[in-house]
>>> print(open('final21.pdb').read())   # PDB, C-alpha atoms, pLDDT in the B column
ATOM      1  CA  MET A1437     -37.621  63.905  43.365  1.00 55.00           C
ATOM      2  CA  GLU A1438     -34.495  62.070  44.448  1.00 73.00           C
ATOM      3  CA  LYS A1439     -36.106  58.800  43.501  1.00 70.00           C
ATOM      4  CA  LYS A1440     -36.920  60.149  40.030  1.00 72.00           C
ATOM      5  CA  ASN A1441     -33.334  61.407  39.566  1.00 72.00           C
ATOM      6  CA  LEU A1442     -31.959  58.070  40.731  1.00 71.00           C
ATOM      7  CA  ILE A1443     -34.108  56.187  38.180  1.00 76.00           C
ATOM      8  CA  GLN A1444     -33.028  58.599  35.416  1.00 74.00           C
ATOM      9  CA  PHE A1445     -29.387  58.114  36.403  1.00 73.00           C
ATOM     10  CA  PHE A1446     -29.727  54.311  36.234  1.00 72.00           C
ATOM     11  CA  LEU A1447     -31.540  54.542  32.874  1.00 74.00           C
ATOM     12  CA  LEU A1448     -28.776  56.787  31.538  1.00 73.00           C
ATOM     13  CA  ILE A1449     -26.130  54.331  32.713  1.00 79.00           C
ATOM     14  CA  LEU A1450     -28.150  51.465  31.196  1.00 74.00           C
ATOM     15  CA  VAL A1451     -28.393  53.301  27.837  1.00 75.00           C
ATOM     16  CA  ILE A1452     -24.633  54.016  27.931  1.00 78.00           C
ATOM     17  CA  LEU A1453     -23.879  50.349  28.733  1.00 73.00           C
ATOM     18  CA  ILE A1454     -26.145  49.164  25.896  1.00 78.00           C
ATOM     19  CA  PHE A1455     -24.475  51.651  23.550  1.00 70.00           C
ATOM     20  CA  LEU A1456     -20.978  50.465  24.629  1.00 66.00           C
ATOM     21  CA  ALA A1457     -21.987  46.813  24.314  1.00 68.00           C
ATOM     22  CA  THR A1458     -23.388  47.424  20.834  1.00 70.00           C
ATOM     23  CA  PHE A1459     -20.330  49.450  19.839  1.00 61.00           C
ATOM     24  CA  TYR A1460     -18.015  46.708  21.146  1.00 62.00           C
ATOM     25  CA  THR A1461     -19.988  43.971  19.425  1.00 66.00           C
ATOM     26  CA  TYR A1462     -20.228  45.597  16.011  1.00 61.00           C
ATOM     27  CA  VAL A1463     -17.052  47.637  15.794  1.00 55.00           C
ATOM     28  CA  VAL A1464     -14.398  46.009  17.953  1.00 52.00           C
ATOM     29  CA  MET A1465     -15.496  42.399  17.278  1.00 55.00           C
ATOM     30  CA  ASN A1466     -15.766  43.056  13.518  1.00 54.00           C
ATOM     31  CA  GLN A1467     -12.322  44.595  13.569  1.00 54.00           C
ATOM     32  CA  ASN A1468     -10.973  41.511  15.345  1.00 53.00           C
ATOM     33  CA  ASN A1469     -12.773  39.290  12.818  1.00 53.00           C
ATOM     34  CA  GLU A1470     -11.317  41.297   9.934  1.00 49.00           C
ATOM     35  CA  GLU A1471      -7.857  40.976  11.466  1.00 50.00           C
ATOM     36  CA  LYS A1472      -8.416  37.236  11.838  1.00 53.00           C
ATOM     37  CA  LYS A1473      -9.557  37.044   8.210  1.00 50.00           C
ATOM     38  CA  VAL A1474      -6.492  38.953   7.083  1.00 44.00           C
ATOM     39  CA  ASP A1475      -4.300  36.689   9.213  1.00 49.00           C
ATOM     40  CA  LYS A1476      -6.086  33.668   7.764  1.00 52.00           C
ATOM     41  CA  TYR A1477      -5.530  34.897   4.185  1.00 46.00           C
ATOM     42  CA  LEU A1478      -1.894  35.674   4.940  1.00 45.00           C
ATOM     43  CA  GLN A1479      -1.476  32.242   6.496  1.00 52.00           C
ATOM     44  CA  LYS A1480      -3.110  30.645   3.453  1.00 49.00           C
ATOM     45  CA  ASP A1481      -0.808  32.593   1.121  1.00 44.00           C
ATOM     46  CA  LEU A1482       2.194  31.559   3.176  1.00 43.00           C
ATOM     47  CA  GLU A1483       1.049  27.923   3.091  1.00 48.00           C
ATOM     48  CA  GLU A1484       0.581  28.085  -0.690  1.00 45.00           C
ATOM     49  CA  LEU A1485       3.976  29.690  -1.023  1.00 40.00           C
ATOM     50  CA  SER A1486       5.575  26.921   1.011  1.00 42.00           C
ATOM     51  CA  ILE A1487       3.628  24.290  -0.956  1.00 39.00           C
ATOM     52  CA  ASN A1488       4.785  25.820  -4.237  1.00 44.00           C
ATOM     53  CA  LYS A1489       8.309  26.011  -2.871  1.00 41.00           C
ATOM     54  CA  GLU A1490       8.251  22.353  -1.855  1.00 47.00           C
ATOM     55  CA  SER A1491       6.493  21.204  -5.037  1.00 47.00           C
ATOM     56  CA  SER A1492       8.434  23.290  -7.499  1.00 52.00           C
ATOM     57  CA  ASN A1493       8.771  20.034  -9.431  1.00 75.00           C
ATOM     58  CA  ILE A1494       5.201  20.494 -10.766  1.00 77.00           C
ATOM     59  CA  VAL A1495       4.995  21.998 -14.243  1.00 78.00           C
ATOM     60  CA  LYS A1496       1.989  22.897 -16.418  1.00 82.00           C
ATOM     61  CA  ASN A1497       1.752  22.380 -20.195  1.00 84.00           C
ATOM     62  CA  VAL A1498       4.816  20.219 -20.741  1.00 83.00           C
ATOM     63  CA  LYS A1499       6.195  18.989 -24.052  1.00 87.00           C
ATOM     64  CA  TYR A1500       9.089  16.565 -24.574  1.00 85.00           C
ATOM     65  CA  ASN A1501      10.536  15.863 -28.002  1.00 86.00           C
ATOM     66  CA  SER A1502      12.958  13.148 -29.127  1.00 84.00           C
ATOM     67  CA  LYS A1503      14.327  11.787 -32.385  1.00 82.00           C
ATOM     68  CA  ASP A1504      16.125   8.533 -33.118  1.00 78.00           C
ATOM     69  CA  SER A1505      18.956   7.844 -35.560  1.00 76.00           C
ATOM     70  CA  PHE A1506      16.454   6.665 -38.236  1.00 76.00           C
ATOM     71  CA  GLY A1507      14.640  10.014 -38.255  1.00 80.00           C
ATOM     72  CA  ASN A1508      11.608   8.798 -36.277  1.00 81.00           C
ATOM     73  CA  GLU A1509      10.234  11.435 -33.919  1.00 87.00           C
ATOM     74  CA  TYR A1510       8.369  11.149 -30.634  1.00 87.00           C
ATOM     75  CA  GLU A1511       6.527  14.012 -28.942  1.00 91.00           C
ATOM     76  CA  ILE A1512       4.633  13.831 -25.683  1.00 90.00           C
ATOM     77  CA  PHE A1513       2.450  16.616 -24.244  1.00 91.00           C
ATOM     78  CA  SER A1514       0.900  16.891 -20.800  1.00 90.00           C
ATOM     79  CA  ASP A1515      -1.406  19.381 -19.083  1.00 87.00           C
ATOM     80  CA  LEU A1516       0.348  18.772 -15.776  1.00 84.00           C
ATOM     81  CA  ALA A1517       3.642  17.039 -14.982  1.00 85.00           C
ATOM     82  CA  GLU A1518       5.554  16.274 -11.821  1.00 84.00           C
ATOM     83  CA  ILE A1519       9.275  15.582 -11.904  1.00 83.00           C
ATOM     84  CA  ASN A1520      10.418  12.875  -9.514  1.00 80.00           C
ATOM     85  CA  LEU A1521      12.800  14.552  -7.044  1.00 80.00           C
ATOM     86  CA  GLU A1522      14.699  11.314  -6.396  1.00 82.00           C
ATOM     87  CA  ASP A1523      15.170  10.593 -10.116  1.00 81.00           C
ATOM     88  CA  PRO A1524      14.781  13.757 -12.257  1.00 80.00           C
ATOM     89  CA  ASN A1525      14.626  11.619 -15.436  1.00 83.00           C
ATOM     90  CA  ILE A1526      11.216  10.291 -14.362  1.00 87.00           C
ATOM     91  CA  VAL A1527       8.233  12.546 -15.097  1.00 87.00           C
ATOM     92  CA  TYR A1528       4.655  11.766 -13.988  1.00 90.00           C
ATOM     93  CA  MET A1529       2.112  13.239 -16.410  1.00 89.00           C
ATOM     94  CA  THR A1530      -1.634  13.863 -16.407  1.00 89.00           C
ATOM     95  CA  ASP A1531      -3.964  14.274 -19.431  1.00 91.00           C
ATOM     96  CA  VAL A1532      -1.412  13.068 -21.929  1.00 91.00           C
ATOM     97  CA  LYS A1533      -1.197  13.239 -25.722  1.00 93.00           C
ATOM     98  CA  ALA A1534       1.653  11.658 -27.656  1.00 91.00           C
ATOM     99  CA  ARG A1535       2.590  11.560 -31.316  1.00 91.00           C
ATOM    100  CA  ILE A1536       4.952   9.126 -32.999  1.00 87.00           C
ATOM    101  CA  ASP A1537       6.080  10.239 -36.456  1.00 87.00           C
ATOM    102  CA  LEU A1538       7.703   7.299 -38.204  1.00 82.00           C
ATOM    103  CA  LYS A1539       9.626   7.786 -41.407  1.00 79.00           C
ATOM    104  CA  ASN A1540       7.505   6.941 -44.459  1.00 78.00           C
ATOM    105  CA  SER A1541       4.379   6.428 -42.345  1.00 80.00           C
ATOM    106  CA  GLU A1542       1.391   8.305 -41.017  1.00 84.00           C
ATOM    107  CA  PRO A1543       1.616   9.378 -37.360  1.00 87.00           C
ATOM    108  CA  ILE A1544       0.503   7.228 -34.453  1.00 88.00           C
ATOM    109  CA  LEU A1545      -1.457   9.226 -31.865  1.00 91.00           C
ATOM    110  CA  ILE A1546      -1.794   8.171 -28.226  1.00 92.00           C
ATOM    111  CA  TYR A1547      -4.146   9.649 -25.639  1.00 94.00           C
ATOM    112  CA  ALA A1548      -4.151   8.666 -21.947  1.00 92.00           C
ATOM    113  CA  LYS A1549      -5.153   9.952 -18.545  1.00 90.00           C
ATOM    114  CA  PHE A1550      -1.707   9.318 -17.001  1.00 91.00           C
ATOM    115  CA  ALA A1551       1.824   8.528 -18.137  1.00 91.00           C
ATOM    116  CA  THR A1552       5.242   7.946 -16.621  1.00 91.00           C
ATOM    117  CA  TYR A1553       7.920   9.254 -18.975  1.00 89.00           C
ATOM    118  CA  ASN A1554      11.652   8.567 -18.770  1.00 89.00           C
ATOM    119  CA  SER A1555      13.457  11.548 -20.318  1.00 84.00           C
ATOM    120  CA  GLU A1556      16.729   9.602 -20.493  1.00 86.00           C
ATOM    121  CA  ASN A1557      15.607   6.686 -22.698  1.00 86.00           C
ATOM    122  CA  TYR A1558      12.124   8.008 -23.751  1.00 85.00           C
ATOM    123  CA  ASP A1559      10.355   4.877 -22.471  1.00 89.00           C
ATOM    124  CA  THR A1560       6.793   5.732 -21.489  1.00 91.00           C
ATOM    125  CA  ASN A1561       4.129   3.847 -19.576  1.00 93.00           C
ATOM    126  CA  PHE A1562       0.640   5.173 -20.355  1.00 93.00           C
ATOM    127  CA  LYS A1563      -2.217   4.334 -17.983  1.00 93.00           C
ATOM    128  CA  LYS A1564      -6.009   4.606 -17.954  1.00 90.00           C
ATOM    129  CA  ASN A1565      -8.423   5.400 -20.799  1.00 90.00           C
ATOM    130  CA  ILE A1566      -5.864   4.848 -23.544  1.00 91.00           C
ATOM    131  CA  ILE A1567      -6.779   5.462 -27.159  1.00 90.00           C
ATOM    132  CA  VAL A1568      -4.300   4.784 -29.972  1.00 89.00           C
ATOM    133  CA  THR A1569      -5.063   5.816 -33.549  1.00 87.00           C
ATOM    134  CA  HIS A1570      -3.188   5.189 -36.783  1.00 83.00           C
ATOM    135  CA  LEU A1571      -4.938   5.795 -40.105  1.00 82.00           C
ATOM    136  CA  ALA A1572      -8.203   3.798 -39.884  1.00 81.00           C
ATOM    137  CA  HIS A1573      -7.005   1.714 -36.936  1.00 84.00           C
ATOM    138  CA  MET A1574      -7.983   2.405 -33.332  1.00 88.00           C
ATOM    139  CA  MET A1575      -7.122   0.589 -30.105  1.00 88.00           C
ATOM    140  CA  LYS A1576      -8.401   1.142 -26.587  1.00 91.00           C
ATOM    141  CA  ALA A1577      -6.896  -0.274 -23.393  1.00 92.00           C
ATOM    142  CA  GLU A1578      -5.887   0.520 -19.823  1.00 91.00           C
ATOM    143  CA  ASN A1579      -2.088   0.224 -20.203  1.00 93.00           C
ATOM    144  CA  LEU A1580       0.452   0.900 -22.923  1.00 93.00           C
ATOM    145  CA  ASP A1581       4.239   0.642 -22.792  1.00 93.00           C
ATOM    146  CA  LEU A1582       6.242   2.467 -25.449  1.00 90.00           C
ATOM    147  CA  PHE A1583       9.906   1.595 -25.885  1.00 88.00           C
ATOM    148  CA  PHE A1584      10.838   4.280 -28.401  1.00 81.00           C
ATOM    149  CA  LYS A1585      14.487   3.331 -28.942  1.00 80.00           C
ATOM    150  CA  ASP A1586      13.482  -0.307 -29.543  1.00 84.00           C
ATOM    151  CA  ASN A1587      10.455   0.757 -31.649  1.00 83.00           C
ATOM    152  CA  ILE A1588       8.138  -1.493 -29.643  1.00 88.00           C
ATOM    153  CA  LEU A1589       4.620  -0.680 -28.520  1.00 87.00           C
ATOM    154  CA  SER A1590       2.890  -3.008 -26.063  1.00 91.00           C
ATOM    155  CA  ILE A1591      -0.759  -2.397 -25.235  1.00 91.00           C
ATOM    156  CA  TYR A1592      -2.551  -4.507 -22.640  1.00 91.00           C
ATOM    157  CA  GLU A1593      -5.486  -4.932 -20.257  1.00 89.00           C
ATOM    158  CA  ASN A1594      -8.932  -4.871 -21.886  1.00 87.00           C
ATOM    159  CA  VAL A1595      -7.612  -4.317 -25.403  1.00 89.00           C
ATOM    160  CA  ILE A1596     -10.210  -3.463 -28.037  1.00 86.00           C
ATOM    161  CA  TYR A1597      -9.059  -3.009 -31.626  1.00 86.00           C
ATOM    162  CA  LYS A1598     -11.281  -1.569 -34.364  1.00 85.00           C
ATOM    163  CA  ASN A1599     -10.941  -0.697 -38.029  1.00 83.00           C
ATOM    164  CA  TYR A1600     -13.493  -0.315 -40.832  1.00 81.00           C
ATOM    165  CA  ASN A1601     -14.826  -3.856 -40.730  1.00 83.00           C
ATOM    166  CA  THR A1602     -13.127  -5.634 -37.808  1.00 82.00           C
ATOM    167  CA  LYS A1603     -13.384  -5.576 -34.041  1.00 84.00           C
ATOM    168  CA  LEU A1604     -11.017  -7.561 -31.860  1.00 84.00           C
ATOM    169  CA  ASN A1605     -10.786  -8.236 -28.101  1.00 85.00           C
ATOM    170  CA  ALA A1606      -7.511  -9.476 -26.588  1.00 85.00           C
ATOM    171  CA  ASP A1607      -5.378  -9.307 -23.471  1.00 85.00           C
ATOM    172  CA  ARG A1608      -2.280  -7.917 -25.165  1.00 88.00           C
ATOM    173  CA  VAL A1609      -1.043  -6.543 -28.494  1.00 86.00           C
ATOM    174  CA  GLU A1610       2.664  -6.040 -29.193  1.00 90.00           C
ATOM    175  CA  MET A1611       3.697  -4.133 -32.286  1.00 86.00           C
ATOM    176  CA  ASP A1612       6.994  -3.376 -33.973  1.00 85.00           C
ATOM    177  CA  LEU A1613       6.623   0.261 -34.987  1.00 81.00           C
ATOM    178  CA  ILE A1614       8.989  -0.042 -37.979  1.00 79.00           C
ATOM    179  CA  THR A1615       7.740  -3.250 -39.611  1.00 79.00           C
ATOM    180  CA  LYS A1616       4.153  -2.938 -38.240  1.00 78.00           C
ATOM    181  CA  ASN A1617       4.277  -6.661 -37.395  1.00 84.00           C
ATOM    182  CA  SER A1618       1.994  -7.408 -34.468  1.00 83.00           C
ATOM    183  CA  LYS A1619       1.482 -10.189 -31.952  1.00 85.00           C
ATOM    184  CA  ILE A1620      -2.012 -10.490 -30.494  1.00 83.00           C
ATOM    185  CA  PHE A1621      -2.621 -12.896 -27.637  1.00 81.00           C
ATOM    186  CA  MET A1622      -4.480 -13.866 -24.479  1.00 82.00           C
ATOM    187  CA  TYR A1623      -2.697 -14.519 -21.189  1.00 81.00           C
ATOM    188  CA  ASP A1624      -4.718 -17.674 -20.581  1.00 78.00           C
ATOM    189  CA  LYS A1625      -3.805 -19.976 -23.474  1.00 78.00           C
ATOM    190  CA  SER A1626      -7.124 -21.812 -23.162  1.00 76.00           C
ATOM    191  CA  LYS A1627      -8.911 -18.591 -24.183  1.00 78.00           C
ATOM    192  CA  LYS A1628      -9.080 -17.348 -27.753  1.00 76.00           C
ATOM    193  CA  VAL A1629      -8.697 -13.863 -29.191  1.00 74.00           C
ATOM    194  CA  ASN A1630     -12.205 -12.684 -30.150  1.00 70.00           C
ATOM    195  CA  ILE A1631     -12.503 -11.313 -33.688  1.00 71.00           C
ATOM    196  CA  PHE A1632     -15.739  -9.898 -35.093  1.00 70.00           C
ATOM    197  CA  PHE A1633     -16.289  -8.955 -38.733  1.00 72.00           C
ATOM    198  CA  LYS A1634     -18.912  -6.422 -39.809  1.00 67.00           C
TER     199      LYS A1634
END
>>> encode(input="final21.pdb", output="structure tokens")
Amino acid sequence: MEKKNLIQFFLLILVILIFLATFYTYVVMNQNNEEKKVDKYLQKDLEELSINKESSNIVKNVKYNSKDSFGNEYEIFSDLAEINLEDPNIVYMTDVKARIDLKNSEPILIYAKFATYNSENYDTNFKKNIIVTHLAHMMKAENLDLFFKDNILSIYENVIYKNYNTKLNADRVEMDLITKNSKIFMYDKSKKVNIFFK
């Protein structure tokens, strides 16, 4: 009988230990995991807060507007912009659209992936996947410099120009925005500007 009671006692202790182990595993460990998750989320929020604090120079949906003494207007829009902390006049933009409204002329529209805009003198360097449209004219390139006060537009690197019946390939096109006079050239003088007529 004592042997039977001893075995029952050990089985009871074994069942209690299994119950405690299961309880510890599922309740206490889950609670610790939940606390760790909460701590992790709090840490992440704190990190985001400190990132936002440090990068408070990032702005969404930006629009700059300028007008010269002749009544010409220049607007530039960006989905995302970052103001240079060392020089607050310099703004780095992403997914950019610009509009140049010249007096007595249809608007010139510019689209680009990136742009660097100077809010002091309105000079803008557009980069990557540039498309410029004006009436039936369209140009594509990888770089475009706009000097708004001087009314000069310079588009370069893989320039393709198209209108109704003409296609042109060149290294660079410079245009006076007021007179619409343009210079089209290749960097290597031994190469010719390619013009195709439809």
>>> closest_residue(input="final21.pdb", among="A:Ala1551, A:Leu1521, A:Ile1620, A:Leu1571", to="Ile1591 of chain A", atoms="only C-alpha atoms")
A:Ile1620
>>> residues_around(input="final21.pdb", residues="Leu1580 of chain A", least_positions_apart="4", cutoff="12 Å", atoms="all atoms listed in the file", output="ChimeraX atom specification")
/A:1534,1546-1553,1559-1568,1575-1576,1588-1595,1607-1611
>>> resolve_selection(input="final21.pdb", expression="the PyMOL selection byres ((chain A and resi 1587) around 10)", output="PyMOL selection string")
chain A and resi 1504+1508+1538+1582-1586+1588-1589+1611-1616
>>> atom_distance(input="final21.pdb", atom1="atom CA of Lys1628 of chain A", atom2="atom CA of Ala1606 of chain A")
8.1 Å
>>> atom_distance(input="final21.pdb", atom1="atom CA of Asp1581 of chain A", atom2="atom CA of Val1532 of chain A")
13.7 Å
>>> resolve_selection(input="final21.pdb", expression="the PyMOL selection byres ((chain A and resi 1570) around 8)", output="short mmCIF file (atom, residue, chain, number, x, y, z; two decimals) with C-alpha atoms, keeping the file's coordinate frame")
data_model
loop_
_atom_site.label_atom_id
_atom_site.label_comp_id
_atom_site.auth_asym_id
_atom_site.auth_seq_id
_atom_site.Cartn_x
_atom_site.Cartn_y
_atom_site.Cartn_z
CA GLU A 1542 1.39 8.30 -41.02
CA PRO A 1543 1.62 9.38 -37.36
CA ILE A 1544 0.50 7.23 -34.45
CA LEU A 1545 -1.46 9.23 -31.86
CA VAL A 1568 -4.30 4.78 -29.97
CA THR A 1569 -5.06 5.82 -33.55
CA LEU A 1571 -4.94 5.80 -40.10
CA ALA A 1572 -8.20 3.80 -39.88
CA HIS A 1573 -7.00 1.71 -36.94
CA MET A 1574 -7.98 2.40 -33.33
#
>>> closest_residue(input="final21.pdb", among="A:Ile1494, A:Met1622, A:Asp1531, A:Asn1501", to="Ala1517 of chain A", atoms="only C-alpha atoms")
A:Ile1494
>>> closest_residue(input="final21.pdb", among="A:Thr1530, A:Asn1617, A:Ser1555, A:Asn1525", to="Tyr1510 of chain A", atoms="all atoms listed in the file")
A:Ser1555
>>> axis_aligned_box(input="final21.pdb", around="segment 1615-1627 of chain A", padding_each_side="8 Å", output="lines of an AutoDock Vina configuration file")
center_x = -0.6
center_y = -12.4
center_z = -30.1
size_x = 32.7
size_y = 34.9
size_z = 35.0
>>> closest_residue(input="final21.pdb", among="A:Asn1557, A:Asn1520, A:Thr1602, A:Thr1458", to="Lys1503 of chain A", atoms="all atoms listed in the file")
A:Asn1557
>>> atom_distance(input="final21.pdb", atom1="atom CA of Phe1633 of chain A", atom2="atom CA of Ala1577 of chain A")
20.0 Å
>>> residues_around(input="final21.pdb", residues="Ile1519 of chain A", least_positions_apart="5", cutoff="9 Å", atoms="only C-alpha atoms", output="PDB file with C-alpha atoms, in the coordinates of the input")
ATOM      1  CA  SER A1492       8.434  23.290  -7.499  1.00 52.00           C
ATOM      2  CA  ASN A1493       8.771  20.034  -9.431  1.00 75.00           C
ATOM      3  CA  ILE A1494       5.201  20.494 -10.766  1.00 77.00           C
ATOM      4  CA  VAL A1495       4.995  21.998 -14.243  1.00 78.00           C
ATOM      5  CA  PRO A1524      14.781  13.757 -12.257  1.00 80.00           C
ATOM      6  CA  ASN A1525      14.626  11.619 -15.436  1.00 83.00           C
ATOM      7  CA  ILE A1526      11.216  10.291 -14.362  1.00 87.00           C
ATOM      8  CA  VAL A1527       8.233  12.546 -15.097  1.00 87.00           C
ATOM      9  CA  TYR A1528       4.655  11.766 -13.988  1.00 90.00           C
ATOM     10  CA  MET A1529       2.112  13.239 -16.410  1.00 89.00           C
TER      11      MET A1529
END
